[in-house]
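File shown: my_file06.tsv (TSV, C-alpha atoms).
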```
chain	number	residue	atom	x	y	z
A	1	MET	CA	66.23	84.18	83.84
A	2	ARG	CA	64.86	82.30	80.86
A	3	ALA	CA	61.30	82.67	79.61
A	4	ILE	CA	59.26	79.48	80.09
A	5	TRP	CA	56.24	80.57	78.03
A	6	LYS	CA	55.16	83.26	75.59
A	7	GLY	CA	51.68	84.54	74.95
A	8	ALA	CA	49.48	87.60	75.34
A	9	VAL	CA	47.23	89.00	78.04
A	10	ALA	CA	43.86	89.66	76.40
A	11	PHE	CA	41.22	91.93	77.94
A	12	GLY	CA	38.51	93.19	75.64
A	13	LEU	CA	40.11	94.00	72.28
A	14	VAL	CA	43.45	94.86	73.89
A	15	ASN	CA	46.32	92.39	73.56
A	16	VAL	CA	49.47	92.65	75.68
A	17	PRO	CA	52.25	90.35	74.37
A	18	VAL	CA	54.30	88.96	77.27
A	19	LYS	CA	57.04	86.55	78.19
A	20	VAL	CA	56.55	84.48	81.35
A	21	TYR	CA	59.34	83.80	83.85
A	22	ALA	CA	59.34	81.78	87.07
A	23	ALA	CA	59.40	84.36	89.89
A	24	THR	CA	60.84	82.10	92.59
A	25	GLU	CA	63.61	79.52	92.90
A	26	ASP	CA	64.49	76.74	95.31
A	27	HIS	CA	67.61	77.37	97.42
A	28	ASP	CA	67.58	74.02	99.27
A	29	VAL	CA	70.78	71.95	99.35
A	30	SER	CA	70.43	69.15	96.80
A	31	LEU	CA	70.73	65.71	98.40
A	32	HIS	CA	70.46	62.25	96.81
A	33	GLN	CA	69.78	58.83	98.28
A	34	VAL	CA	72.54	56.27	98.96
A	35	HIS	CA	72.71	52.73	100.33
A	36	ALA	CA	73.45	53.07	104.08
A	37	ALA	CA	75.68	49.97	104.05
A	38	ASP	CA	78.16	51.04	101.36
A	39	GLY	CA	77.23	54.54	100.18
A	40	GLY	CA	76.21	53.35	96.72
A	41	ARG	CA	73.95	55.74	94.79
A	42	ILE	CA	70.26	54.76	94.69
A	43	ARG	CA	68.70	55.34	91.28
A	44	TYR	CA	65.14	54.92	90.04
A	45	GLN	CA	64.40	53.47	86.63
A	46	ARG	CA	61.27	53.40	84.48
A	47	ILE	CA	60.76	49.71	83.77
A	48	CYS	CA	58.06	48.28	81.50
A	49	GLU	CA	55.98	45.64	83.31
A	50	ILE	CA	55.56	43.60	80.10
A	51	ASP	CA	59.11	43.18	78.81
A	52	GLY	CA	61.09	44.26	81.87
A	53	GLU	CA	63.09	46.77	79.81
A	54	VAL	CA	64.18	50.21	81.02
A	55	VAL	CA	62.17	52.77	79.01
A	56	PRO	CA	63.63	56.17	78.01
A	57	TYR	CA	61.46	59.13	79.04
A	58	ALA	CA	61.03	60.10	75.36
A	59	ASP	CA	59.24	56.78	74.73
A	60	ILE	CA	56.70	57.20	77.53
A	61	ASP	CA	53.06	58.15	76.88
A	62	ARG	CA	50.16	58.68	79.29
A	63	ALA	CA	47.13	56.45	79.80
A	64	TYR	CA	43.77	56.45	81.59
A	65	ASP	CA	42.38	53.25	83.12
A	66	ASP	CA	38.69	53.11	84.04
A	67	GLY	CA	39.02	49.68	85.64
A	68	GLU	CA	37.99	47.77	82.52
A	69	GLN	CA	39.69	49.51	79.61
A	70	THR	CA	42.88	51.52	79.14
A	71	VAL	CA	43.08	54.52	76.83
A	72	VAL	CA	46.59	55.56	75.75
A	73	LEU	CA	47.11	59.29	75.15
A	74	THR	CA	50.13	60.16	73.03
A	75	LYS	CA	52.01	63.47	73.14
A	76	ASP	CA	50.34	64.41	69.86
A	77	ASP	CA	46.91	63.63	71.32
A	78	ILE	CA	47.50	65.98	74.25
A	79	ALA	CA	49.05	68.69	72.05
A	80	SER	CA	45.95	68.62	69.84
A	81	LEU	CA	43.67	69.88	72.65
A	82	PRO	CA	42.39	73.40	71.85
A	83	SER	CA	43.33	74.80	75.26
A	84	GLU	CA	46.86	73.38	74.97
A	85	ARG	CA	47.39	75.19	71.68
A	86	SER	CA	46.18	78.53	73.06
A	87	ARG	CA	48.75	81.20	73.84
A	88	GLU	CA	46.29	83.58	75.40
A	89	ILE	CA	46.03	84.72	79.00
A	90	GLU	CA	42.35	85.62	79.05
A	91	VAL	CA	41.14	88.21	81.55
A	92	VAL	CA	37.85	86.92	82.94
A	93	GLU	CA	37.11	89.69	85.42
A	94	PHE	CA	38.64	92.42	87.58
A	95	VAL	CA	38.00	91.96	91.30
A	96	PRO	CA	38.82	93.94	94.46
A	97	SER	CA	42.30	92.81	95.49
A	98	GLU	CA	41.26	91.99	99.06
A	99	GLN	CA	38.81	89.37	97.77
A	100	VAL	CA	41.61	87.05	96.62
A	101	ASP	CA	42.13	84.68	99.55
A	102	PRO	CA	45.91	84.10	100.06
A	103	ILE	CA	45.25	80.39	100.74
A	104	MET	CA	44.40	79.99	97.04
A	105	LEU	CA	47.74	81.39	95.79
A	106	ASP	CA	50.05	78.81	94.23
A	107	ARG	CA	53.03	79.62	91.94
A	108	SER	CA	54.25	83.10	90.96
A	109	TYR	CA	55.52	84.28	87.56
A	110	PHE	CA	56.91	87.57	86.28
A	111	LEU	CA	55.57	88.95	83.01
A	112	GLU	CA	57.87	90.90	80.68
A	113	PRO	CA	56.64	92.98	77.71
A	114	ASP	CA	57.25	91.09	74.45
A	115	SER	CA	56.75	93.79	71.83
A	116	SER	CA	58.61	96.74	70.35
A	117	SER	CA	56.57	99.10	72.53
A	118	PRO	CA	55.61	98.41	76.17
A	119	LYS	CA	52.70	100.89	76.04
A	120	ALA	CA	49.91	98.30	76.33
A	121	TYR	CA	51.80	96.58	79.18
A	122	VAL	CA	52.24	99.86	81.07
A	123	LEU	CA	48.60	100.79	80.45
A	124	LEU	CA	47.40	97.52	82.01
A	125	ARG	CA	49.77	97.94	84.95
A	126	ARG	CA	48.67	101.53	85.61
A	127	THR	CA	45.01	100.54	85.31
A	128	LEU	CA	45.39	97.81	87.94
A	129	GLU	CA	47.26	100.20	90.24
A	130	GLU	CA	44.79	103.06	90.01
A	131	THR	CA	41.65	100.93	90.31
A	132	ASP	CA	43.13	98.76	93.10
A	133	ARG	CA	41.88	95.68	91.27
A	134	THR	CA	43.31	92.26	90.54
A	135	ALA	CA	42.66	90.60	87.20
A	136	ILE	CA	41.41	87.02	87.33
A	137	VAL	CA	42.70	85.23	84.24
A	138	ARG	CA	42.60	81.80	82.56
A	139	PHE	CA	45.40	80.22	80.53
A	140	THR	CA	47.04	76.88	79.79
A	141	LEU	CA	50.56	76.04	80.92
A	142	ARG	CA	52.29	72.65	80.84
A	143	GLN	CA	49.17	70.68	79.92
A	144	LYS	CA	47.02	72.21	82.64
A	145	THR	CA	44.30	74.83	82.50
A	146	ARG	CA	45.13	77.43	85.12
A	147	LEU	CA	43.21	80.07	86.97
A	148	ALA	CA	45.41	82.94	88.08
A	149	ALA	CA	45.52	86.40	89.66
A	150	LEU	CA	47.28	89.12	87.66
A	151	ARG	CA	48.55	91.93	89.88
A	152	VAL	CA	51.27	94.57	90.13
A	153	ARG	CA	54.56	94.27	92.01
A	154	GLY	CA	56.66	97.38	91.68
A	155	ASP	CA	56.90	98.06	87.94
A	156	VAL	CA	56.22	94.46	86.92
A	157	LEU	CA	53.05	92.48	86.29
A	158	VAL	CA	52.97	89.29	88.35
A	159	LEU	CA	50.90	86.23	87.49
A	160	GLN	CA	50.02	84.06	90.50
A	161	THR	CA	48.31	80.79	89.72
A	162	LEU	CA	45.36	79.96	91.94
A	163	LEU	CA	44.13	76.68	93.31
A	164	TRP	CA	40.67	75.70	92.12
A	165	SER	CA	38.03	76.15	94.81
A	166	ASP	CA	37.56	72.39	95.26
A	167	GLU	CA	41.31	72.01	95.92
A	168	VAL	CA	41.06	74.02	99.15
A	169	ARG	CA	39.92	71.81	102.00
A	170	GLU	CA	37.12	72.81	104.34
A	171	ALA	CA	38.42	73.30	107.87
A	172	SER	CA	36.05	71.75	110.41
A	173	PHE	CA	37.34	71.21	113.94
A	174	PRO	CA	34.79	70.20	116.63
A	175	SER	CA	37.04	71.63	119.35
A	176	LEU	CA	36.40	75.13	117.97
A	177	ASP	CA	32.65	74.68	118.44
A	178	GLU	CA	33.08	74.62	122.21
A	179	PRO	CA	32.41	77.94	124.00
A	180	VAL	CA	35.59	79.64	125.21
A	181	LYS	CA	35.65	82.50	127.69
A	182	ILE	CA	38.36	85.11	127.12
A	183	SER	CA	38.69	87.72	129.87
A	184	ALA	CA	39.26	91.39	129.12
A	185	LYS	CA	42.60	91.23	130.94
A	186	GLU	CA	43.79	88.27	128.86
A	187	LEU	CA	42.85	90.10	125.68
A	188	GLU	CA	44.60	93.25	126.90
A	189	LEU	CA	47.82	91.38	127.72
A	190	SER	CA	47.71	89.50	124.43
A	191	ALA	CA	47.29	92.77	122.49
A	192	SER	CA	50.16	94.27	124.48
A	193	LEU	CA	52.34	91.31	123.53
A	194	VAL	CA	51.46	91.76	119.86
A	195	ASP	CA	52.30	95.46	120.10
A	196	SER	CA	55.70	94.69	121.65
A	197	PHE	CA	56.56	92.53	118.61
A	198	ALA	CA	55.16	94.99	116.04
A	199	GLU	CA	57.52	95.67	113.11
A	200	ASP	CA	57.44	96.40	109.40
A	201	PHE	CA	57.98	93.17	107.47
A	202	ARG	CA	61.45	93.07	105.89
A	203	PRO	CA	61.85	89.63	104.22
A	204	ASP	CA	65.61	90.00	103.68
A	205	GLU	CA	66.16	90.03	107.46
A	206	PHE	CA	65.12	86.39	107.73
A	207	VAL	CA	67.21	83.38	106.71
A	208	ASP	CA	66.55	79.65	106.30
A	209	ASP	CA	68.24	78.34	109.48
A	210	TYR	CA	67.79	74.69	108.52
A	211	GLN	CA	69.54	75.07	105.16
A	212	ARG	CA	72.34	77.12	106.73
A	213	GLU	CA	72.87	74.48	109.42
A	214	LEU	CA	72.76	71.73	106.79
A	215	LYS	CA	75.52	73.46	104.81
A	216	THR	CA	77.55	73.81	108.02
A	217	LEU	CA	77.10	70.10	108.73
A	218	ILE	CA	78.20	69.16	105.20
A	219	GLU	CA	81.29	71.38	105.40
A	220	ALA	CA	82.18	70.00	108.83
A	221	LYS	CA	81.81	66.38	107.62
A	222	LEU	CA	83.97	67.15	104.57
A	223	GLU	CA	86.66	68.40	106.93
A	224	GLN	CA	86.27	66.00	109.85
A	225	GLY	CA	84.75	62.90	108.25
A	226	ASP	CA	82.11	60.60	109.72
A	227	THR	CA	83.49	60.96	113.27
A	228	LEU	CA	82.06	64.48	113.49
A	229	ASP	CA	81.02	65.63	116.99
A	230	THR	CA	77.78	67.47	116.21
A	231	SER	CA	77.51	68.92	119.73
A	232	ALA	CA	80.89	70.60	119.22
A	233	THR	CA	79.73	71.96	115.88
A	234	PHE	CA	76.32	73.29	116.90
A	235	GLY	CA	76.45	73.37	120.70
A	236	GLU	CA	74.04	71.71	123.08
A	237	SER	CA	70.33	72.37	122.54
A	238	GLU	CA	68.97	74.96	124.94
A	239	ASP	CA	65.35	73.90	124.47
A	240	GLU	CA	65.30	70.44	126.04
A	241	ASP	CA	61.99	68.63	126.48
A	242	LYS	CA	60.48	69.85	129.72
A	243	GLY	CA	57.97	67.07	130.04
A	244	GLY	CA	54.94	68.98	128.83
A	245	GLU	CA	55.02	71.55	131.64
A	246	VAL	CA	51.67	73.33	131.95
A	247	ILE	CA	51.93	77.12	132.32
A	248	ASP	CA	49.07	79.40	133.32
A	249	LEU	CA	48.00	81.51	130.32
A	250	MET	CA	47.99	84.80	132.24
A	251	ASP	CA	51.45	84.11	133.71
A	252	ALA	CA	52.77	83.23	130.26
A	253	LEU	CA	51.36	86.44	128.75
A	254	ARG	CA	52.79	88.62	131.53
A	255	ALA	CA	56.21	86.95	131.31
A	256	SER	CA	56.25	87.29	127.53
A	257	VAL	CA	55.39	91.00	127.64
A	258	GLU	CA	58.05	91.65	130.32
A	259	ARG	CA	60.70	89.72	128.38
A	260	SER	CA	59.93	91.61	125.18
A	261	ARG	CA	60.06	94.98	126.95
A	262	ALA	CA	63.35	94.09	128.63
A	263	ALA	CA	64.86	93.09	125.29
A	264	ARG	CA	63.83	96.39	123.70
A	265	GLU	CA	65.05	98.49	126.62
A	266	GLY	CA	68.36	96.65	126.43
A	267	GLY	CA	68.75	97.67	122.80
A	268	GLY	CA	68.03	94.25	121.31
A	269	THR	CA	65.23	93.10	119.06
A	270	LYS	CA	63.47	89.82	118.56
A	271	LYS	CA	65.28	89.32	115.24
A	272	GLU	CA	68.78	89.62	116.71
A	273	ALA	CA	68.47	86.59	118.98
A	274	PRO	CA	68.54	83.91	116.26
A	275	ALA	CA	71.53	85.58	114.60
A	276	LYS	CA	73.64	85.16	117.75
A	277	LYS	CA	73.25	81.39	117.55
A	278	SER	CA	74.53	81.18	113.99
A	279	ALA	CA	78.08	81.83	112.90
A	280	LYS	CA	79.26	81.85	109.32
A	281	PRO	CA	79.48	78.32	107.85
A	282	ALA	CA	83.28	78.48	107.70
A	283	GLU	CA	83.51	79.45	111.38
A	284	LYS	CA	81.15	76.68	112.52
A	285	ALA	CA	82.87	74.10	110.38
A	286	ALA	CA	86.14	74.85	112.16
A	287	ALA	CA	84.56	74.24	115.59
A	288	PRO	CA	85.11	70.41	115.68
A	289	LYS	CA	88.91	70.98	115.79
A	290	LYS	CA	88.59	72.40	119.29
A	291	LYS	CA	87.36	69.35	121.18
A	292	ALA	CA	87.69	71.00	124.59
A	293	ALA	CA	85.45	73.97	123.85
A	294	LYS	CA	81.78	74.03	122.90
A	295	ALA	CA	80.16	76.54	120.62
A	296	SER	CA	77.91	78.98	122.44
```
Re-express the file's structure as structure tokens.
Amino acid sequence: MRAIWKGAVAFGLVNVPVKVYAATEDHDVSLHQVHAADGGRIRYQRICEIDGEVVPYADIDRAYDDGEQTVVLTKDDIASLPSERSREIEVVEFVPSEQVDPIMLDRSYFLEPDSSSPKAYVLLRRTLEETDRTAIVRFTLRQKTRLAALRVRGDVLVLQTLLWSDEVREASFPSLDEPVKISAKELELSASLVDSFAEDFRPDEFVDDYQRELKTLIEAKLEQGDTLDTSATFGESEDEDKGGEVIDLMDALRASVERSRAAREGGGTKKEAPAKKSAKPAEKAAAPKKKAAKAS
């Protein structure tokens, strides 16, 4: 990993020098646009409306238009802002961790100690752990003032940027204002269904099925070309449209509970089912060669 920012966490008179690293990465297959008729690459260019010339990114500035006048802001103008020059992650307050609504969480960053001694870093980490608090901080990154939550993950301090309160929409659905009667039996069956699916969350047990299938499709097309038989590669879909069949809620709850119990008694779990549908990419890519057989 490469540090994207350096600064210091400041709370009171204590300064904790840190390096900031992106905590997540995108694993999606990279695709680009092409002309459907001939496969030619589609490219976007930055063209000046006045002279029609293609403008290099280095020669582009920003501007604000109020409808009557336009104000051009150069890179030097933006860099001159006091908050842009600041390299301080300012602790505003320490709040109970449960008060940070997950809907406000945005991007995550790891913080690494950036000094000869990590003592101040470890002190802040231990303090957050023992008080069960989350630090709400302010800082500037990439020309934006950010609000963030500073918390502990294992032995590392994690900075999670927060959306501003006015960026979270208010949910108002008239249908939820209507009175709904839930019977005790329905609630009991629903709770039983939840209990039958109860597990400890293990993120590494889950995979991105779409990206895996996309890689399989790409490998199959590389091998077979544009005449690929996708049904031979992936098999026929088991979940065909059933015409919006209406199922009684109680019947659906009972059937779901019974199915879950049967799966557990048979030694299976809810997480094993998706795995049976997916073979390794190399195995699925080879499927189109066998035209007579369909993948299960």
| field | All residues 12 Å or closer to region 10-17 of chain A, only C-alpha atoms, same chain fewer than 2 positions away omitted, as a PyMOL selection string | value | chain A and resi 5-8+19-20+86-94+111-125+127+135-139+150+157
| message | To one decimal place in Å, what is the distance between CA of Ile60 (chain A) and CA of Leu147 (chain A)? | response |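 If I compute the distance from CA of Ile60 (chain A) to CA of Leu147 (chain A), I get 28.2 Å.
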| said: One decimal, in Å: what's the spacing between CA of Tyr57 (chain A) and CA of Phe110 (chain A)? | reply: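 Atom-to-atom, CA of Tyr57 (chain A) to CA of Phe110 (chain A), that is 29.7 Å.
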| task | Mind checking which residues fall within 12 Å of region 170-179 of chain A, counting all atoms listed in the file, ignoring those fewer than 4 positions away in the same chain, and posting them as a ChimeraX atom specification? | result | /A:103,165-166
Now that the selection is made, can you save its residues with C-alpha atoms as a CSV table (one decimal), in the frame of the given file?
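And here is the file that came out, part-v7.csv:
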```csv
chain,number,residue,atom,x,y,z
A,103,ILE,CA,45.2,80.4,100.7
A,165,SER,CA,38.0,76.2,94.8
A,166,ASP,CA,37.6,72.4,95.3
```
| query | How many Å lie between CA of Val18 (chain A) and CA of Ala79 (chain A), rounded to one decimal? | reply | 21.6 Å
| Any idea what's packed within 12 Å of Ala58 (chain A), counting all atoms listed in the file, ignoring anything in its chain fewer than 4 positions away? Could you give it as a ChimeraX atom specification? | /A:46,54,62,74-75
| Nearest to His32 (chain A) among A:Ser108, A:Tyr44, A:Asp101, A:Met1, with distances taken over only C-alpha atoms: which residue is it? |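 Closest candidate: A:Tyr44.
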| query | Quick one: of A:Ser256, A:Ser30, A:Gln69, A:Gln45, who's nearest to Gln211 (chain A), counting only C-alpha atoms? | reply |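 Counting only C-alpha atoms, the residue closest to Gln211 (chain A) is A:Ser30.
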| task | Please work out which residues fall within 12 Å of (58.4, 81.0, 89.4), coordinates as given in the file, with all atoms listed in the file counting, and return them as a PyMOL selection string. | result | chain A and resi 1-5+20-26+106-111+158-161
| query | Pick the closest to Asp132 (chain A) from A:Glu265, A:Glu98, A:Asp77, A:Asp65: which is it, counting only C-alpha atoms? | reply |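 Closest to Asp132 (chain A), using only C-alpha atoms: A:Glu98.
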| field | Pick from A:Val152, A:Leu193, A:Val71, A:Leu217 nearest to Ser231 (chain A), counting only C-alpha atoms | value |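 Closest to Ser231 (chain A), using only C-alpha atoms: A:Leu217.
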| message | I need the residue nearest Lys144 (chain A) from this list: A:Lys215, A:Cys48, A:Arg264, A:Leu163. Use all atoms listed in the file for the distance. | response |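 Comparing A:Lys215, A:Cys48, A:Arg264, A:Leu163 against Lys144 (chain A), the winner is A:Leu163.
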| said: From the options A:Ser97, A:Gln224, A:Ser183, A:Ser260, which residue's atoms come nearest to Ser196 (chain A), counting all atoms listed in the file? | reply: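 For Ser196 (chain A), the nearest of the candidates is A:Ser260.
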